[in-house]
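Student: Structure incoming, see below.
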Amino acid sequence: MARIVMKFGGTSVADLDRIRNVAQRVKAEADKGNEVAVVVSAMSGATNQLVDWCQKLSPLFDAREYDTVVATGEQVTAGLTAIALQNLGMDARSWMGWQIAVETDGQHGKARINSIEAEELVERMKQGQIPVVAGFQGIGPDNRVTTLGRGGSDTSAVALAAALKADRCDIYTDVDGVYTTDPRIVPGARKLTKITYEEMLELASVGAKVLQTRSVELAMKEHVRVQVLSSFTDAPGTMVVDEDEVVEQEIVAGIAYSRDEAKVTVRRVPDRPGVAAAIFVPLAEAHINVDMIVQNVSADGTTDMTFTVGKTDLPRTIAVLEQARQEIGYAEISTDPNVAKISVVGVGMRSHAGVAGTMFRTLAARGINILVISTSEIKVSVLVAAEYTELAVRALHTAYELDA
Ligand code: ADP
Ligand code: ASP
Ligand code: MG
């Protein structure tokens with residue numbers, strides 16, 4: 001007998017037939033004698049609709065009220081999934097984040113889980129009840145509903161698996177595993193049977209939406225065994241494992257892209273000590289994450305500072321910079337949301353030179369201009385015009401010999 005957390009993403013619960021299918025899968029695991037807890041996302045498209053309503057009412061919406069709105073998607077699917085399980089004769093009960101409680105910090109819209117009180121759930125699971133937990137949501141120190149950032153149900157599932165000391169956390173989605181790149185963009189992408197926590201973490205953080213970054217971070221820290229698999233087929237999935245469990249290590253594990261960032265350029269700032277701090281400290285204080293940064297040196301004593309922020313943070317970024325205009329002393333701000341970040345990831349880069357060179361050469365051969373570059377120990381990222389996303393990903397996938 002094992003204790004398993006089964007998480008189902010938006011497409012897996014997109015309509016009533018799919019919710020019935022989810023209930024069947026959960027029942028099959030329980031019938032094997034396993035203790036099962038379920039975590040569900042909102043129905044596919046539901047969260048986008050809720051976010052859109054908030055943004056249409058006010059681009060600078062109050063994050064507490066945003067959470068009140070967007071957390072509702074998961075409430076619906078948790079209740080429906082519990083009903084579907086009951087229809088199959090199972091003892092099932094839905095749980096909202098606040099009921100468990102999933103305690104988070106106060107960062108509304110992108111809260112972090114601090115702790116989960118699992119005793120009650122464990123007690124009920126031992127008696128054969130199946131908890132169906134609304135993913136994505138928790139309760140903050142202000143006693144209000146919080147959400148965990150887009151894709152946050154993955155993190156709910158891993159955190160629950162850690163709290164329940166589960167043997168496995170199975171993430172059911174619309175692809176049957178983690179591929180060398182998004183299989184929707186490159187049909188010839190290869191499914192990986194195993195991927196290291198580190199590579200998965202890096203791929204997720206640069207845009208591979210298959211797992212939320214924090215879920216991988218947490219799985220790595222809490223030693224949760226995570227498996228990514230399809231809710232529509234019985235194909236074996238991808239296990240996320242420690243580095244020593246991977247026998248043959250490729251130099252490049254995968255390629256990811258993100259269209260979620262926007263480019264911001266602060267023009268003609270005085271080129272003197274303290275200017276970077278004048279720009280980035282107020283942004284940090286406003287909890288705006290800055291990703292890639294370049295500074296263009298200039299001859300006339302001024303410089304341009306270019307960086308990227310999440311597209312959803314763009315209105316607030318502009319507001320913060322305008323407020324700090326005196327302090328920074330810039331001439332103008334320009335922004336470009338039509339950009340994409342393309343990243344190549346692999347732990348093999350630590351010991352192999354030339355990965356970045358291959359990337360630049362490949363993009364140059366296609367006439368794709370690189371706007372910003374950033375690197376880490378196991379990753380190279382470039383920012384390009386969004387229209388080149390598919391072309392760049394496909395060309396790189398071939399260049400690194402990842403095609404199936
Ligand atoms: P869910 O709603 O189940 O959470 P997501 O849309 O969040 O599903 O994540 C699954 C999607 O991630 C896939 O449909 C696929 O398009 C995308 N994806 C991006 N990169 C990868 C990758 N390397 N391997 C597999 N899927 C990927
Ligand atoms: N429903 C939320 C979202 O779309 C959380 C999730 O699906 O993981 O971001
Ligand atoms: Mg997801």
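Please note that chains go A, B, ... in the order of the structure tokens, that every chain numbers its residues from 1, and that ligands are numbered from 1 in the order shown.
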Using only C-alpha atoms and all ligand atoms, find each residue with an atom at most 6 Å away from ligand 3 and format the answer as a ChimeraX atom specification.
Tutor: /A:9,151,210-211
Student: Grab the residues selected above and save them as a compact mmCIF listing (two decimals), in the first residue's frame with all heavy atoms.
Tutor:
```
# COMPACT_ATOMS: atom_id res chain seq x y z
N GLY A 9 -4.62 18.76 -13.79
CA GLY A 9 -4.58 20.12 -14.32
C GLY A 9 -5.85 20.50 -15.05
O GLY A 9 -6.77 19.68 -15.19
N GLY A 151 -0.31 28.46 -12.44
CA GLY A 151 0.25 27.10 -12.40
C GLY A 151 0.45 26.58 -10.99
O GLY A 151 1.04 25.52 -10.78
N VAL A 210 5.02 22.98 -17.88
CA VAL A 210 4.53 21.66 -17.46
C VAL A 210 4.55 21.51 -15.94
O VAL A 210 3.68 20.82 -15.38
CB VAL A 210 5.29 20.55 -18.24
CG1 VAL A 210 6.77 20.55 -17.95
CG2 VAL A 210 4.67 19.19 -18.01
N LEU A 211 5.47 22.16 -15.25
CA LEU A 211 5.44 22.20 -13.78
C LEU A 211 5.72 23.63 -13.32
O LEU A 211 6.59 24.30 -13.89
CB LEU A 211 6.50 21.28 -13.17
CG LEU A 211 6.27 19.77 -13.27
CD1 LEU A 211 7.50 19.02 -12.74
CD2 LEU A 211 5.03 19.35 -12.48
```
Student: Around ligand 2, out to 8 Å and counting only C-alpha atoms and all ligand atoms, which residues are there? I want them as a list of chain:residue names.
Tutor: A:Gly9, A:Gly10, A:Val40, A:Ser41, A:Ala42, A:Met43, A:Ser44, A:Gly45, A:Ala46, A:Thr47, A:Asn48, A:Val70, A:Ala71, A:Gly73, A:Glu74, A:Gly135, A:Phe136, A:Leu148, A:Gly149, A:Arg150, A:Gly151, A:Gly152, A:Ser153, A:Asp154, A:Thr155, A:Gln212
Student: Can you write just those residues out, N, CA and C atoms, as an mmCIF file, in the first residue's frame?
Tutor:
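Generated output (again_19.cif):
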```cif
data_model
loop_
_atom_site.group_PDB
_atom_site.id
_atom_site.type_symbol
_atom_site.label_atom_id
_atom_site.label_comp_id
_atom_site.auth_asym_id
_atom_site.auth_seq_id
_atom_site.Cartn_x
_atom_site.Cartn_y
_atom_site.Cartn_z
ATOM 1 N N GLY A 9 -4.618 18.760 -13.794
ATOM 2 C CA GLY A 9 -4.575 20.125 -14.318
ATOM 3 C C GLY A 9 -5.850 20.504 -15.053
ATOM 4 N N GLY A 10 -5.881 21.730 -15.539
ATOM 5 C CA GLY A 10 -7.081 22.308 -16.137
ATOM 6 C C GLY A 10 -7.711 21.513 -17.272
ATOM 7 N N VAL A 40 -6.961 19.403 -7.425
ATOM 8 C CA VAL A 40 -7.468 19.792 -8.744
ATOM 9 C C VAL A 40 -7.218 21.264 -9.053
ATOM 10 N N SER A 41 -7.048 21.521 -10.365
ATOM 11 C CA SER A 41 -6.994 22.893 -10.892
ATOM 12 C C SER A 41 -8.401 23.320 -11.270
ATOM 13 N N ALA A 42 -8.510 24.547 -11.715
ATOM 14 C CA ALA A 42 -9.771 25.037 -12.273
ATOM 15 C C ALA A 42 -9.950 24.442 -13.666
ATOM 16 N N MET A 43 -11.192 24.408 -14.154
ATOM 17 C CA MET A 43 -11.433 23.939 -15.516
ATOM 18 C C MET A 43 -10.625 24.808 -16.484
ATOM 19 N N SER A 44 -10.093 24.152 -17.512
ATOM 20 C CA SER A 44 -9.280 24.835 -18.502
ATOM 21 C C SER A 44 -9.938 26.141 -18.973
ATOM 22 N N GLY A 45 -9.213 27.235 -18.930
ATOM 23 C CA GLY A 45 -9.742 28.529 -19.378
ATOM 24 C C GLY A 45 -10.416 29.326 -18.277
ATOM 25 N N ALA A 46 -10.820 28.658 -17.197
ATOM 26 C CA ALA A 46 -11.578 29.354 -16.140
ATOM 27 C C ALA A 46 -10.730 30.444 -15.472
ATOM 28 N N THR A 47 -9.492 30.092 -15.131
ATOM 29 C CA THR A 47 -8.650 31.082 -14.432
ATOM 30 C C THR A 47 -8.356 32.276 -15.344
ATOM 31 N N ASN A 48 -8.093 31.999 -16.631
ATOM 32 C CA ASN A 48 -7.850 33.104 -17.573
ATOM 33 C C ASN A 48 -9.031 34.067 -17.591
ATOM 34 N N VAL A 70 -9.967 34.824 -8.332
ATOM 35 C CA VAL A 70 -9.356 33.736 -9.104
ATOM 36 C C VAL A 70 -9.341 32.396 -8.361
ATOM 37 N N ALA A 71 -9.452 32.435 -7.025
ATOM 38 C CA ALA A 71 -9.454 31.169 -6.263
ATOM 39 C C ALA A 71 -10.747 30.374 -6.478
ATOM 40 N N GLY A 73 -12.171 29.273 -9.185
ATOM 41 C CA GLY A 73 -12.136 28.225 -10.220
ATOM 42 C C GLY A 73 -11.910 26.853 -9.617
ATOM 43 N N GLU A 74 -11.005 26.768 -8.670
ATOM 44 C CA GLU A 74 -10.663 25.482 -8.059
ATOM 45 C C GLU A 74 -11.753 25.002 -7.101
ATOM 46 N N GLY A 135 -6.618 23.139 -5.538
ATOM 47 C CA GLY A 135 -5.240 23.602 -5.689
ATOM 48 C C GLY A 135 -5.192 25.125 -5.784
ATOM 49 N N PHE A 136 -3.952 25.668 -5.845
ATOM 50 C CA PHE A 136 -3.757 27.075 -6.200
ATOM 51 C C PHE A 136 -4.064 28.047 -5.057
ATOM 52 N N LEU A 148 -1.422 31.109 -5.404
ATOM 53 C CA LEU A 148 0.000 30.777 -5.429
ATOM 54 C C LEU A 148 0.711 31.151 -6.711
ATOM 55 N N GLY A 149 0.090 31.967 -7.556
ATOM 56 C CA GLY A 149 0.688 32.297 -8.850
ATOM 57 C C GLY A 149 0.231 31.297 -9.892
ATOM 58 N N ARG A 150 0.270 31.704 -11.176
ATOM 59 C CA ARG A 150 -0.238 30.840 -12.245
ATOM 60 C C ARG A 150 0.484 29.485 -12.243
ATOM 61 N N GLY A 151 -0.305 28.459 -12.438
ATOM 62 C CA GLY A 151 0.252 27.103 -12.403
ATOM 63 C C GLY A 151 0.447 26.578 -10.987
ATOM 64 N N GLY A 152 -0.076 27.306 -10.010
ATOM 65 C CA GLY A 152 0.208 27.015 -8.601
ATOM 66 C C GLY A 152 -0.363 25.719 -8.050
ATOM 67 N N SER A 153 -1.279 25.088 -8.782
ATOM 68 C CA SER A 153 -1.819 23.815 -8.276
ATOM 69 C C SER A 153 -0.738 22.739 -8.196
ATOM 70 N N ASP A 154 0.265 22.840 -9.056
ATOM 71 C CA ASP A 154 1.382 21.887 -8.974
ATOM 72 C C ASP A 154 2.044 22.000 -7.607
ATOM 73 N N THR A 155 2.222 23.242 -7.168
ATOM 74 C CA THR A 155 2.864 23.471 -5.879
ATOM 75 C C THR A 155 1.959 23.022 -4.734
ATOM 76 N N GLN A 212 5.021 24.083 -12.280
ATOM 77 C CA GLN A 212 5.333 25.409 -11.749
ATOM 78 C C GLN A 212 6.702 25.358 -11.055
#
```
Student: Quick one: residues within 12 Å of stretch 309-325 of chain A, only C-alpha atoms counted, chain neighbours fewer than 5 positions away excluded, as number ranges by chain?
Tutor: A: 51-52, 54-55, 58-63, 109-110, 149-150, 206-207, 258-269, 275, 277-293, 330-341
Student: Identify all residues of stretch 220-350 of chain A in strand (DSSP E or B) (DSSP on the backbone) and supply them as a PyMOL selection string.
Tutor: chain A and resi 226-230+238-241+254-258+261-270+290-296+302-310+332-336+339-345
Student: Within 7 Å of ligand 1, which residues of chain A come that close, and what is the closest atom pair and distance in Å for each? Count only C-alpha atoms and all ligand atoms and give it as a tab-separated table.
Tutor:
```
residue	atom	partner	partner_atom_place_in_ligand_line	distance
A:Phe8	CA	ligand 1	3 (O)	6.1
A:Gly9	CA	ligand 1	3 (O)	3.2
A:Gly10	CA	ligand 1	2 (O)	3.8
A:Thr11	CA	ligand 1	2 (O)	5.3
A:Ser12	CA	ligand 1	3 (O)	6.4
A:Ser44	CA	ligand 1	2 (O)	6.6
A:Gly151	CA	ligand 1	7 (O)	5.6
A:Asp154	CA	ligand 1	4 (O)	7.0
A:Tyr172	CA	ligand 1	3 (O)	6.2
A:Thr173	CA	ligand 1	3 (O)	3.6
A:Asp174	CA	ligand 1	14 (O)	5.3
A:Val175	CA	ligand 1	13 (C)	5.5
A:Gly177	CA	ligand 1	25 (C)	5.7
A:Val178	CA	ligand 1	24 (N)	3.7
A:Tyr179	CA	ligand 1	24 (N)	3.8
A:Thr180	CA	ligand 1	23 (N)	5.2
A:Thr181	CA	ligand 1	23 (N)	3.9
A:Asp182	CA	ligand 1	20 (N)	3.6
A:Pro183	CA	ligand 1	26 (N)	6.1
A:Arg184	CA	ligand 1	16 (O)	5.3
A:Ala208	CA	ligand 1	20 (N)	3.8
A:Lys209	CA	ligand 1	12 (O)	4.5
A:Val210	CA	ligand 1	9 (O)	3.6
A:Leu211	CA	ligand 1	9 (O)	6.4
A:Gly254	CA	ligand 1	23 (N)	6.7
A:Ala256	CA	ligand 1	20 (N)	6.2
```
Student: Would you mind exporting C-alpha atoms of the selected residues as a PDB file, in the first residue's frame?
Tutor:
```pdb
ATOM      1  CA  PHE A   8      -5.162  17.008 -12.205  1.00  0.00           C
ATOM      2  CA  GLY A   9      -4.575  20.125 -14.318  1.00  0.00           C
ATOM      3  CA  GLY A  10      -7.081  22.308 -16.137  1.00  0.00           C
ATOM      4  CA  THR A  11      -7.459  20.267 -19.331  1.00  0.00           C
ATOM      5  CA  SER A  12      -7.926  17.110 -17.258  1.00  0.00           C
ATOM      6  CA  SER A  44      -9.280  24.835 -18.502  1.00  0.00           C
ATOM      7  CA  GLY A 151       0.252  27.103 -12.403  1.00  0.00           C
ATOM      8  CA  ASP A 154       1.382  21.887  -8.974  1.00  0.00           C
ATOM      9  CA  TYR A 172      -1.630  14.418 -14.451  1.00  0.00           C
ATOM     10  CA  THR A 173      -1.734  16.773 -17.419  1.00  0.00           C
ATOM     11  CA  ASP A 174      -2.450  16.911 -21.167  1.00  0.00           C
ATOM     12  CA  VAL A 175       0.963  15.618 -22.264  1.00  0.00           C
ATOM     13  CA  GLY A 177       5.574  13.583 -19.611  1.00  0.00           C
ATOM     14  CA  VAL A 178       8.343  16.129 -19.745  1.00  0.00           C
ATOM     15  CA  TYR A 179       9.761  16.517 -23.252  1.00  0.00           C
ATOM     16  CA  THR A 180      12.987  18.018 -24.630  1.00  0.00           C
ATOM     17  CA  THR A 181      10.828  21.032 -25.466  1.00  0.00           C
ATOM     18  CA  ASP A 182       7.131  21.889 -25.662  1.00  0.00           C
ATOM     19  CA  PRO A 183       5.738  19.094 -27.888  1.00  0.00           C
ATOM     20  CA  ARG A 184       3.067  21.508 -29.136  1.00  0.00           C
ATOM     21  CA  ALA A 208       8.358  25.217 -19.471  1.00  0.00           C
ATOM     22  CA  LYS A 209       4.846  25.386 -18.047  1.00  0.00           C
ATOM     23  CA  VAL A 210       4.534  21.660 -17.462  1.00  0.00           C
ATOM     24  CA  LEU A 211       5.437  22.205 -13.779  1.00  0.00           C
ATOM     25  CA  GLY A 254      15.813  20.772 -23.043  1.00  0.00           C
ATOM     26  CA  ALA A 256      12.069  26.364 -23.161  1.00  0.00           C
TER      27      ALA A 256
END
```
Student: May I ask which of the residues A:Glu243, A:Asp142, A:Glu222, A:Glu198 is the closest one to A:Leu160, counting only C-alpha atoms?
Tutor: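 The shortest atom-to-atom distance to A:Leu160 comes from A:Glu222.
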Student: Name the residues of stretch 65-285 of chain A that come out as alpha helix (DSSP H) in a backbone DSSP run; write them as a VMD selection string.
Tutor: chain A and resid 65 to 70 72 to 87 97 to 100 119 to 126 153 to 163 197 to 205 213 to 222 275 to 285
Student: Please determine, counting only C-alpha atoms, which residue among A:Ala392, A:Val345, A:Ala161, A:Val132 has the shortest atom-to-atom distance to A:Val226.
Tutor: A:Ala161
Student: Counting only C-alpha atoms, which of A:Gly138, A:Gly33, A:Pro236, A:Gly188 gets nearest to A:Met1?
Tutor: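 Closest residue, counting only C-alpha atoms: A:Gly33.
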Student: For A:Leu371, work out the shell of residues within 8 Å, counting only C-alpha atoms and skipping chain neighbours fewer than 4 positions away, then give it as a PyMOL selection string.
Tutor: chain A and resi 382-385
